[in-house]
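Scroll down for the structure; my scribbles are underneath it.
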Amino acid sequence: MKRTKIIDLTGEKIGQEVVVKGWVKQFRQNRFLIINDGSTINNIQAVVDHETMDASLLETITTAAAVSVSGQLVESQGRGQSVEVLVNSIEVLGTADPEALQETILQPKRHTLERLREQAHLRFRTNTFGAVFRVRHALAFAVHKYFNDRGYFYLHTPIVTGSDAEGAGEMFRVTTLPFNDTPRDEDGKVDFSEDFFGKETNLTVSGQLEAELGAMALGQVYTFGPTFRAENSNTSRHLAEFWMIEPEVAFNDLNDNMDLGEDFLQYCVNYALEQCKDDLAFLHDREVQAEKQKPQNERNELNLMDRLKFVVDNDFERLTYTQAIDVLLNSKPHKKKKFKYPIEWGVDLQSEHERFLVEKHFKKPVILTDYPAKIKAFYMRLNDADEQGRETVAAMDILFPGVGEIMGGSQREERYDVLKAKCAEAGIPEEEVWWYLDTRKFGTAIHAGFGLGFERLVMFVTGMTNIRDVIPFPRTPKNAEF
RNA sequence: GCUUCUUUAGCUCAGUUGGUUAGAGCAUCUGACUGUUAAUCAGAGGGUCCGGGGUUCAAGUCCCUGAAGGAGCGCCA
């Protein structure tokens with residue numbers, strides 16, 4: 001008989017014989033067998049009549065064992081669940097020695113997230129990580145569905161790149177050269193002509209430049225792939241290997257780009273709200289419980305569901321960087337000297353400033369545009385200087401409650417001469433980016449796009465506060481376990 | 001990379017001005033109970049106090065040093 005997934009054991013199936021396979025969460029009183037199969041956060045209770053069951057079989061049913069039970073699905077006599085399985089027969093597919101289990105996070109106890117992280121290979125079995133990774137899947141699917149439904153083409157940009165012009169951070173070198181007796185030229189420098197690709201290569205830090213090439217032919221494209229940064233970043237928001245989403249659209253200006261970013265984020269959050277109700281309810285409760293343990297001043301003002309609705313129900317407030325600086329300069333916390341970092345035109349905003357704008361001042365998600373050219377990347381389109389002669393670029397950052405910046409994008413510099421000059425200014429040799437400059441020579445057109453770290457989105461939607469807990473196997477400085 | 005905190009039983013932690021045999025809850029095991037759902041009750045086992053060095057009659061406790069982890073900052077997505 002084919003197994004039925006727990007998610008499909010609904011009231012309509014009452015009276016039917018079913019086979020359920022999964023892992024034992026708990027076995028109480030030799031009678032109540034709680035099973036989860038990963039299809040949902042919800043468990044099924046299988047009721048065993050221990051008087052008619054083989055006692056030696058029952059002894060092998062321990063926490064974390066894999067079992068197959070068959071029996072009739074009935075309305076539950078107890079209160080905690082609507083249906084349960086009256087067991088006819090049980091097969092233990094894989095045992096789990098309780099003494100050995102003590103060494104693992106599968107022992108039926110609360111564990112800290114740090115402990116769970118050390119056993120990332122087993123943490124999928126926990127309620128929290130089951131929920132997180134089901135939500136992660138739903139969001140990944142929503143990304144593809146959103147773009148596909150709107151006629152975007154999924155472009156696979158290279159993972160090994162021969163260009164180090166993205167300037168987005170330190171890169172991981174890809175090489176087959178030996179560590180000893182590395183071939184060197186007359187000046188003693190490594191001779192990469194002997195390397196596998198015949199040149200210096202690295203893991204990609206961004207697919208954006210390549211995505212622009214695609215957009216300048218296919219019209220609208222997006223990338224969604226792994227990205228690597230060799231930065232020694234020790235924070236709860238950075239990974240050495242993460243997944244990035246980068247749409248790029250020909251003929252879009254900054255306003256179109258903002259429309260796209262806002263619509264996309266609302267779509268993804270909505271999709272999770274609709275598709276992951278049980279998981280999000282669990283994560284919500286989990287966060288509420290955790291918040292209770294914190295002192296008042298460290299608590300989140302908005303709980304998880306509030307924050308998700310905050311994004312879905314509000315139009316995003318749009319203003320320029322210059323306007324934002326004015327708002328901040330006139331704000332109460334600034335006048336009362338509550339901000340830790342100074343506010344001044346030309347410096348990047350700190351997360352305390354971003355959070356003030358979103359959570360206190362506008363009380364809605366915020367899109368900041370037109371940042372000072374000096375603090376943004378070379379490929380962003382240069383605006384006309386303002387009356388004070390200050391140079392800005394057509395950039396946009398979307399700010400969310402709790403997390404601050406969730407997305408960054410811009411209209412790209414489409415003018416060949418301006419782009420060439422900005423490359424020179426940024427110290428990028430022309431021979432490195434000749435292919436990128438070519439699109440500005442042959443039928444250039446305005447275009448725009450953005451980038452968003454997928455894990456940041458998963459963090460926002462699940463409420464997890466450490467990025468290592470929203471990717472199955474995190475890669476961080478000094479850690480590549482599993 | 002910087003600042004700061006943490007490291008004691010399988011897990012989460014307590015451990016007083018340095019002083020006899022290092023404790024609790026949960027988990028595990030044994031038994032009782034058997035419509036429970038954080039089950040309950042009784043009992044048992046379980047320790048290289050993160051590693052190294054030092055001070056002292058005496059160190060889980062004080063000092064130095066190393067490692068791992070957390071939080072914050074920088075960099076950024």
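Labels for the structure tokens follow display order: chains A, B, ..., residues from 1 in each chain, ligands from 1.
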
With only C-alpha atoms (C1' of nucleotides) as the counted atoms, please give the residues lying no more than 7 Å from region 8-17 of chain B, apart from itself and same-chain residues fewer than 3 positions off, as a list of chain:residue names.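 Answer for this query is A:Gln102, A:Glu103, A:His111, B:G46, B:G47, B:C49, B:G60.
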
With a cut-off of 10 Å and counting only C-alpha atoms (C1' of nucleotides), select all residues of chain B in contact with chain A and give the selection as a list in words.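 Contact residues on the first chain: G1, G10, C11, U12, C26, A27, U28, C29, C33, U34, G35, U36, U37, A38, A39, G69, G70, A71, G72, C73, G74, C75, C76 and A77 of chain B.
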
Which is closer to G51 (chain B) than all the others in B:C2, B:A68, B:A24, B:A32, using only C-alpha atoms (C1' of nucleotides)?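 For G51 (chain B), the nearest of the given residues is B:A68.
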
If you run DSSP on this backbone, which residues of region 162-266 of chain A come out as alpha helix (DSSP H), and could you give them as a PyMOL selection string? chain A and resi 208-218+254-266

How would you write, as a PDB file with N, CA and C atoms, in the first residue's frame, the set of residues in region 242-423 of chain A that DSSP gives as strand (DSSP E)?
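Written output follows (result01.pdb):
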```pdb
ATOM      1  N   PHE A 242      26.320  32.571  -0.637  1.00  0.00           N
ATOM      2  CA  PHE A 242      24.898  32.873  -0.491  1.00  0.00           C
ATOM      3  C   PHE A 242      24.255  32.936  -1.864  1.00  0.00           C
ATOM      4  N   TRP A 243      22.940  33.023  -1.868  1.00  0.00           N
ATOM      5  CA  TRP A 243      22.198  33.003  -3.130  1.00  0.00           C
ATOM      6  C   TRP A 243      21.642  34.383  -3.408  1.00  0.00           C
ATOM      7  N   MET A 244      21.849  34.823  -4.646  1.00  0.00           N
ATOM      8  CA  MET A 244      21.448  36.185  -4.958  1.00  0.00           C
ATOM      9  C   MET A 244      20.491  36.198  -6.140  1.00  0.00           C
ATOM     10  N   ILE A 245      19.542  37.120  -6.069  1.00  0.00           N
ATOM     11  CA  ILE A 245      18.532  37.302  -7.115  1.00  0.00           C
ATOM     12  C   ILE A 245      18.807  38.650  -7.761  1.00  0.00           C
ATOM     13  N   GLU A 246      18.982  38.637  -9.090  1.00  0.00           N
ATOM     14  CA  GLU A 246      19.302  39.900  -9.765  1.00  0.00           C
ATOM     15  C   GLU A 246      18.540  40.027 -11.088  1.00  0.00           C
ATOM     16  N   PRO A 247      17.387  40.713 -11.064  1.00  0.00           N
ATOM     17  CA  PRO A 247      16.703  40.984 -12.319  1.00  0.00           C
ATOM     18  C   PRO A 247      17.330  42.188 -13.018  1.00  0.00           C
ATOM     19  N   GLU A 248      17.217  42.205 -14.304  1.00  0.00           N
ATOM     20  CA  GLU A 248      17.768  43.308 -15.100  1.00  0.00           C
ATOM     21  C   GLU A 248      16.822  43.539 -16.267  1.00  0.00           C
ATOM     22  N   VAL A 249      16.395  44.781 -16.469  1.00  0.00           N
ATOM     23  CA  VAL A 249      15.349  45.053 -17.450  1.00  0.00           C
ATOM     24  C   VAL A 249      15.737  46.201 -18.372  1.00  0.00           C
ATOM     25  N   ALA A 250      15.729  45.913 -19.670  1.00  0.00           N
ATOM     26  CA  ALA A 250      16.004  46.953 -20.649  1.00  0.00           C
ATOM     27  C   ALA A 250      14.841  47.939 -20.687  1.00  0.00           C
ATOM     28  N   GLU A 317       7.172  53.969   0.995  1.00  0.00           N
ATOM     29  CA  GLU A 317       7.431  55.402   0.939  1.00  0.00           C
ATOM     30  C   GLU A 317       8.689  55.648   0.106  1.00  0.00           C
ATOM     31  N   ARG A 318       8.606  56.549  -0.859  1.00  0.00           N
ATOM     32  CA  ARG A 318       9.765  56.817  -1.718  1.00  0.00           C
ATOM     33  C   ARG A 318      10.294  58.221  -1.481  1.00  0.00           C
ATOM     34  N   LEU A 319      11.559  58.328  -1.205  1.00  0.00           N
ATOM     35  CA  LEU A 319      12.164  59.655  -1.077  1.00  0.00           C
ATOM     36  C   LEU A 319      13.653  59.566  -1.404  1.00  0.00           C
ATOM     37  N   THR A 320      14.225  60.732  -1.658  1.00  0.00           N
ATOM     38  CA  THR A 320      15.638  60.726  -2.018  1.00  0.00           C
ATOM     39  C   THR A 320      16.496  60.679  -0.758  1.00  0.00           C
ATOM     40  N   VAL A 366      10.430  51.713   3.172  1.00  0.00           N
ATOM     41  CA  VAL A 366      10.941  52.949   2.579  1.00  0.00           C
ATOM     42  C   VAL A 366      11.885  52.619   1.420  1.00  0.00           C
ATOM     43  N   ILE A 367      11.748  53.373   0.329  1.00  0.00           N
ATOM     44  CA  ILE A 367      12.724  53.267  -0.755  1.00  0.00           C
ATOM     45  C   ILE A 367      13.500  54.574  -0.815  1.00  0.00           C
ATOM     46  N   LEU A 368      14.787  54.493  -0.575  1.00  0.00           N
ATOM     47  CA  LEU A 368      15.643  55.679  -0.678  1.00  0.00           C
ATOM     48  C   LEU A 368      16.313  55.669  -2.045  1.00  0.00           C
ATOM     49  N   THR A 369      16.368  56.853  -2.677  1.00  0.00           N
ATOM     50  CA  THR A 369      16.943  56.940  -4.019  1.00  0.00           C
ATOM     51  C   THR A 369      18.020  58.015  -4.072  1.00  0.00           C
ATOM     52  N   ASP A 370      18.721  58.011  -5.179  1.00  0.00           N
ATOM     53  CA  ASP A 370      19.647  59.100  -5.507  1.00  0.00           C
ATOM     54  C   ASP A 370      20.682  59.365  -4.412  1.00  0.00           C
ATOM     55  N   TYR A 371      21.472  58.360  -4.190  1.00  0.00           N
ATOM     56  CA  TYR A 371      22.539  58.430  -3.192  1.00  0.00           C
ATOM     57  C   TYR A 371      23.735  59.204  -3.740  1.00  0.00           C
ATOM     58  N   PRO A 372      24.583  59.715  -2.850  1.00  0.00           N
ATOM     59  CA  PRO A 372      25.817  60.359  -3.302  1.00  0.00           C
ATOM     60  C   PRO A 372      26.621  59.384  -4.171  1.00  0.00           C
ATOM     61  N   THR A 392      24.973  62.796  -7.504  1.00  0.00           N
ATOM     62  CA  THR A 392      24.266  61.616  -7.016  1.00  0.00           C
ATOM     63  C   THR A 392      24.105  60.631  -8.165  1.00  0.00           C
ATOM     64  N   VAL A 393      23.745  59.381  -7.809  1.00  0.00           N
ATOM     65  CA  VAL A 393      23.473  58.368  -8.823  1.00  0.00           C
ATOM     66  C   VAL A 393      22.056  57.839  -8.650  1.00  0.00           C
ATOM     67  N   ALA A 394      21.530  57.288  -9.748  1.00  0.00           N
ATOM     68  CA  ALA A 394      20.143  56.797  -9.752  1.00  0.00           C
ATOM     69  C   ALA A 394      20.067  55.430  -9.083  1.00  0.00           C
ATOM     70  N   ALA A 395      20.384  55.424  -7.801  1.00  0.00           N
ATOM     71  CA  ALA A 395      20.368  54.182  -7.017  1.00  0.00           C
ATOM     72  C   ALA A 395      19.115  54.124  -6.171  1.00  0.00           C
ATOM     73  N   MET A 396      18.775  52.927  -5.732  1.00  0.00           N
ATOM     74  CA  MET A 396      17.660  52.779  -4.789  1.00  0.00           C
ATOM     75  C   MET A 396      17.964  51.675  -3.806  1.00  0.00           C
ATOM     76  N   ASP A 397      17.617  51.911  -2.552  1.00  0.00           N
ATOM     77  CA  ASP A 397      17.705  50.877  -1.529  1.00  0.00           C
ATOM     78  C   ASP A 397      16.324  50.735  -0.912  1.00  0.00           C
ATOM     79  N   ILE A 398      15.881  49.500  -0.729  1.00  0.00           N
ATOM     80  CA  ILE A 398      14.597  49.294  -0.062  1.00  0.00           C
ATOM     81  C   ILE A 398      14.866  48.866   1.378  1.00  0.00           C
ATOM     82  N   LEU A 399      14.232  49.592   2.299  1.00  0.00           N
ATOM     83  CA  LEU A 399      14.453  49.368   3.729  1.00  0.00           C
ATOM     84  C   LEU A 399      13.224  48.722   4.364  1.00  0.00           C
ATOM     85  N   PHE A 400      13.468  47.696   5.162  1.00  0.00           N
ATOM     86  CA  PHE A 400      12.392  46.941   5.808  1.00  0.00           C
ATOM     87  C   PHE A 400      12.482  47.077   7.325  1.00  0.00           C
ATOM     88  N   GLY A 404      16.462  46.414   8.143  1.00  0.00           N
ATOM     89  CA  GLY A 404      17.105  47.495   7.403  1.00  0.00           C
ATOM     90  C   GLY A 404      17.099  47.210   5.908  1.00  0.00           C
ATOM     91  N   GLU A 405      18.233  47.453   5.249  1.00  0.00           N
ATOM     92  CA  GLU A 405      18.283  47.315   3.795  1.00  0.00           C
ATOM     93  C   GLU A 405      18.070  45.872   3.362  1.00  0.00           C
ATOM     94  N   ILE A 406      17.068  45.645   2.524  1.00  0.00           N
ATOM     95  CA  ILE A 406      16.824  44.284   2.043  1.00  0.00           C
ATOM     96  C   ILE A 406      17.143  44.163   0.568  1.00  0.00           C
ATOM     97  N   MET A 407      17.142  45.277  -0.161  1.00  0.00           N
ATOM     98  CA  MET A 407      17.373  45.225  -1.605  1.00  0.00           C
ATOM     99  C   MET A 407      18.099  46.489  -2.038  1.00  0.00           C
ATOM    100  N   GLY A 408      18.989  46.333  -2.996  1.00  0.00           N
ATOM    101  CA  GLY A 408      19.676  47.490  -3.542  1.00  0.00           C
ATOM    102  C   GLY A 408      19.705  47.402  -5.051  1.00  0.00           C
ATOM    103  N   GLY A 409      19.443  48.523  -5.703  1.00  0.00           N
ATOM    104  CA  GLY A 409      19.445  48.490  -7.160  1.00  0.00           C
ATOM    105  C   GLY A 409      19.730  49.856  -7.733  1.00  0.00           C
ATOM    106  N   SER A 410      19.662  49.937  -9.056  1.00  0.00           N
ATOM    107  CA  SER A 410      19.903  51.231  -9.698  1.00  0.00           C
ATOM    108  C   SER A 410      19.521  51.180 -11.160  1.00  0.00           C
ATOM    109  N   GLN A 411      19.361  52.381 -11.705  1.00  0.00           N
ATOM    110  CA  GLN A 411      19.384  52.492 -13.157  1.00  0.00           C
ATOM    111  C   GLN A 411      20.859  52.451 -13.526  1.00  0.00           C
TER     112      GLN A 411
END
```

Who sits within 12 Å of G52 (chain B), only C-alpha atoms (C1' of nucleotides), same chain under 6 positions skipped, as a list in words: C64, U65, G66 and A67 of chain B

Between CA of Ile41 (chain A) and CA of Asp279 (chain A), what is the distance in Å, rounded to a tenth?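 Atom-to-atom, CA of Ile41 (chain A) and CA of Asp279 (chain A) are spaced 6.3 Å apart.
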
Under the rule that only C-alpha atoms (C1' of nucleotides) are counted, which of B:A59, B:U30, B:G54, B:U7 is the nearest residue to A42 (chain B)?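 Looking only at the distances to A42 (chain B), the closest residue turns out to be B:U30.
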
Counting only C-alpha atoms, the residue of A:Val458, A:Ala142, A:Val403, A:Ala448 that sits nearest Leu260 (chain A):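 Residue with the minimum atom-to-atom distance to Leu260 (chain A): A:Ala448.
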
Residue nearest Lys376 (chain A) - candidates A:Leu302, A:Val312, A:Leu280, A:Ala426, atoms counted: only C-alpha atoms: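 Distance minimum relative to Lys376 (chain A) lands on A:Ala426.
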
So which residues touch Thr176 (chain A) within 10 Å, counting only C-alpha atoms (C1' of nucleotides), skipping near sequence neighbours fewer than 6 positions away, as a PyMOL selection string? chain A and resi 192+194-197

Mind checking which residues fall within 12 Å of U56 (chain B), counting only C-alpha atoms (C1' of nucleotides), ignoring those fewer than 5 positions away in the same chain, and posting them as a list in words?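 Near U56 (chain B), the qualifying residues are G18, C62 and C63 of chain B.
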
Export of prior selection with N, CA, C and O atoms (P, O5', C5', C4', C3', O3' and C1' of nucleotides) as an mmCIF file, in the first residue's frame:
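Listing of out.cif after writing:
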```cif
data_model
loop_
_atom_site.group_PDB
_atom_site.id
_atom_site.type_symbol
_atom_site.label_atom_id
_atom_site.label_comp_id
_atom_site.auth_asym_id
_atom_site.auth_seq_id
_atom_site.Cartn_x
_atom_site.Cartn_y
_atom_site.Cartn_z
ATOM 1 P P G B 18 38.219 35.141 46.782
ATOM 2 O "O5'" G B 18 37.395 33.786 46.861
ATOM 3 C "C5'" G B 18 37.125 33.023 45.734
ATOM 4 C "C4'" G B 18 37.716 31.632 45.871
ATOM 5 C "C3'" G B 18 37.598 31.018 47.255
ATOM 6 O "O3'" G B 18 37.332 29.627 47.108
ATOM 7 C "C1'" G B 18 39.836 30.973 46.559
ATOM 8 P P C B 62 37.484 34.248 38.639
ATOM 9 O "O5'" C B 62 38.938 34.697 39.121
ATOM 10 C "C5'" C B 62 39.095 35.697 40.116
ATOM 11 C "C4'" C B 62 40.559 36.039 40.267
ATOM 12 C "C3'" C B 62 41.351 36.113 38.958
ATOM 13 O "O3'" C B 62 41.189 37.363 38.318
ATOM 14 C "C1'" C B 62 42.554 34.823 40.520
ATOM 15 P P C B 63 41.338 37.475 36.715
ATOM 16 O "O5'" C B 63 42.911 37.364 36.483
ATOM 17 C "C5'" C B 63 43.790 38.384 36.948
ATOM 18 C "C4'" C B 63 45.204 38.041 36.564
ATOM 19 C "C3'" C B 63 45.423 37.715 35.094
ATOM 20 O "O3'" C B 63 45.567 38.869 34.309
ATOM 21 C "C1'" C B 63 46.473 36.067 36.420
#
```

Of the candidates A:Val132, A:Leu155, A:Ala424, A:Ala290, which shows the shortest atom-to-atom distance to Phe460 (chain A), using only C-alpha atoms?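 The closest residue to Phe460 (chain A) is A:Val132.
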
Gly151 (chain A): which residues within 12 Å, counting only C-alpha atoms (C1' of nucleotides), same-chain residues fewer than 6 positions away excluded, as a compact mmCIF listing (two decimals) with all heavy atoms, in the first residue's frame?
```
# COMPACT_ATOMS: atom_id res chain seq x y z
N HIS A 144 10.98 32.33 -8.83
CA HIS A 144 10.90 31.85 -10.21
C HIS A 144 9.51 32.09 -10.80
O HIS A 144 9.37 32.48 -11.95
CB HIS A 144 11.26 30.37 -10.27
CG HIS A 144 12.72 30.10 -10.09
ND1 HIS A 144 13.68 30.60 -10.95
CD2 HIS A 144 13.40 29.42 -9.14
CE1 HIS A 144 14.88 30.21 -10.55
NE2 HIS A 144 14.74 29.50 -9.45
N LYS A 145 8.49 31.82 -9.99
CA LYS A 145 7.12 31.98 -10.49
C LYS A 145 6.84 33.44 -10.84
O LYS A 145 6.26 33.74 -11.88
CB LYS A 145 6.13 31.48 -9.43
CG LYS A 145 4.68 31.52 -9.90
CD LYS A 145 3.78 30.69 -8.99
CE LYS A 145 2.31 30.98 -9.23
NZ LYS A 145 1.93 30.91 -10.65
N LEU A 218 17.60 40.10 -24.50
CA LEU A 218 16.37 39.36 -24.19
C LEU A 218 15.32 40.26 -23.55
O LEU A 218 14.19 39.83 -23.33
CB LEU A 218 16.70 38.19 -23.25
CG LEU A 218 17.63 37.14 -23.87
CD1 LEU A 218 18.24 36.25 -22.79
CD2 LEU A 218 16.89 36.29 -24.89
N GLY A 219 15.70 41.47 -23.21
CA GLY A 219 14.74 42.44 -22.69
C GLY A 219 14.59 42.41 -21.18
O GLY A 219 14.88 43.39 -20.50
N GLN A 220 14.14 41.29 -20.67
CA GLN A 220 14.05 41.19 -19.21
C GLN A 220 14.53 39.82 -18.75
O GLN A 220 14.00 38.80 -19.17
CB GLN A 220 12.65 41.51 -18.69
CG GLN A 220 11.50 40.99 -19.54
CD GLN A 220 10.17 41.55 -19.08
OE1 GLN A 220 10.07 42.65 -18.56
NE2 GLN A 220 9.12 40.75 -19.26
N VAL A 221 15.53 39.83 -17.90
CA VAL A 221 16.13 38.59 -17.42
C VAL A 221 16.29 38.67 -15.90
O VAL A 221 16.17 39.74 -15.30
CB VAL A 221 17.52 38.34 -18.05
CG1 VAL A 221 17.44 38.28 -19.56
CG2 VAL A 221 18.53 39.40 -17.60
N TYR A 222 16.57 37.50 -15.30
CA TYR A 222 16.94 37.51 -13.88
C TYR A 222 17.92 36.37 -13.64
O TYR A 222 17.94 35.39 -14.38
CB TYR A 222 15.71 37.37 -12.98
CG TYR A 222 15.06 36.01 -12.99
CD1 TYR A 222 15.25 35.11 -11.94
CD2 TYR A 222 14.25 35.61 -14.04
CE1 TYR A 222 14.64 33.87 -11.93
CE2 TYR A 222 13.64 34.37 -14.05
CZ TYR A 222 13.83 33.49 -13.00
OH TYR A 222 13.24 32.27 -13.01
N PRO A 247 17.39 40.71 -11.06
CA PRO A 247 16.70 40.98 -12.32
C PRO A 247 17.33 42.19 -13.02
O PRO A 247 17.93 43.05 -12.36
CB PRO A 247 15.27 41.29 -11.88
CG PRO A 247 15.40 41.79 -10.50
CD PRO A 247 16.61 41.17 -9.90
N VAL A 249 16.39 44.78 -16.47
CA VAL A 249 15.35 45.05 -17.45
C VAL A 249 15.74 46.20 -18.37
O VAL A 249 16.03 47.31 -17.91
CB VAL A 249 14.01 45.40 -16.76
CG1 VAL A 249 12.89 45.51 -17.79
CG2 VAL A 249 13.66 44.37 -15.71
```

One decimal, Å: what's the distance from CA of Leu308 (chain A) over to CA of Asn42 (chain A), could you say?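 These atoms are spaced 22.3 Å apart.
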
Using Å and a single decimal, report how far C1' of U40 (chain B) sits from CA of Thr62 (chain A).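 Result for CA of Thr62 (chain A) versus C1' of U40 (chain B): 19.6 Å, one decimal.
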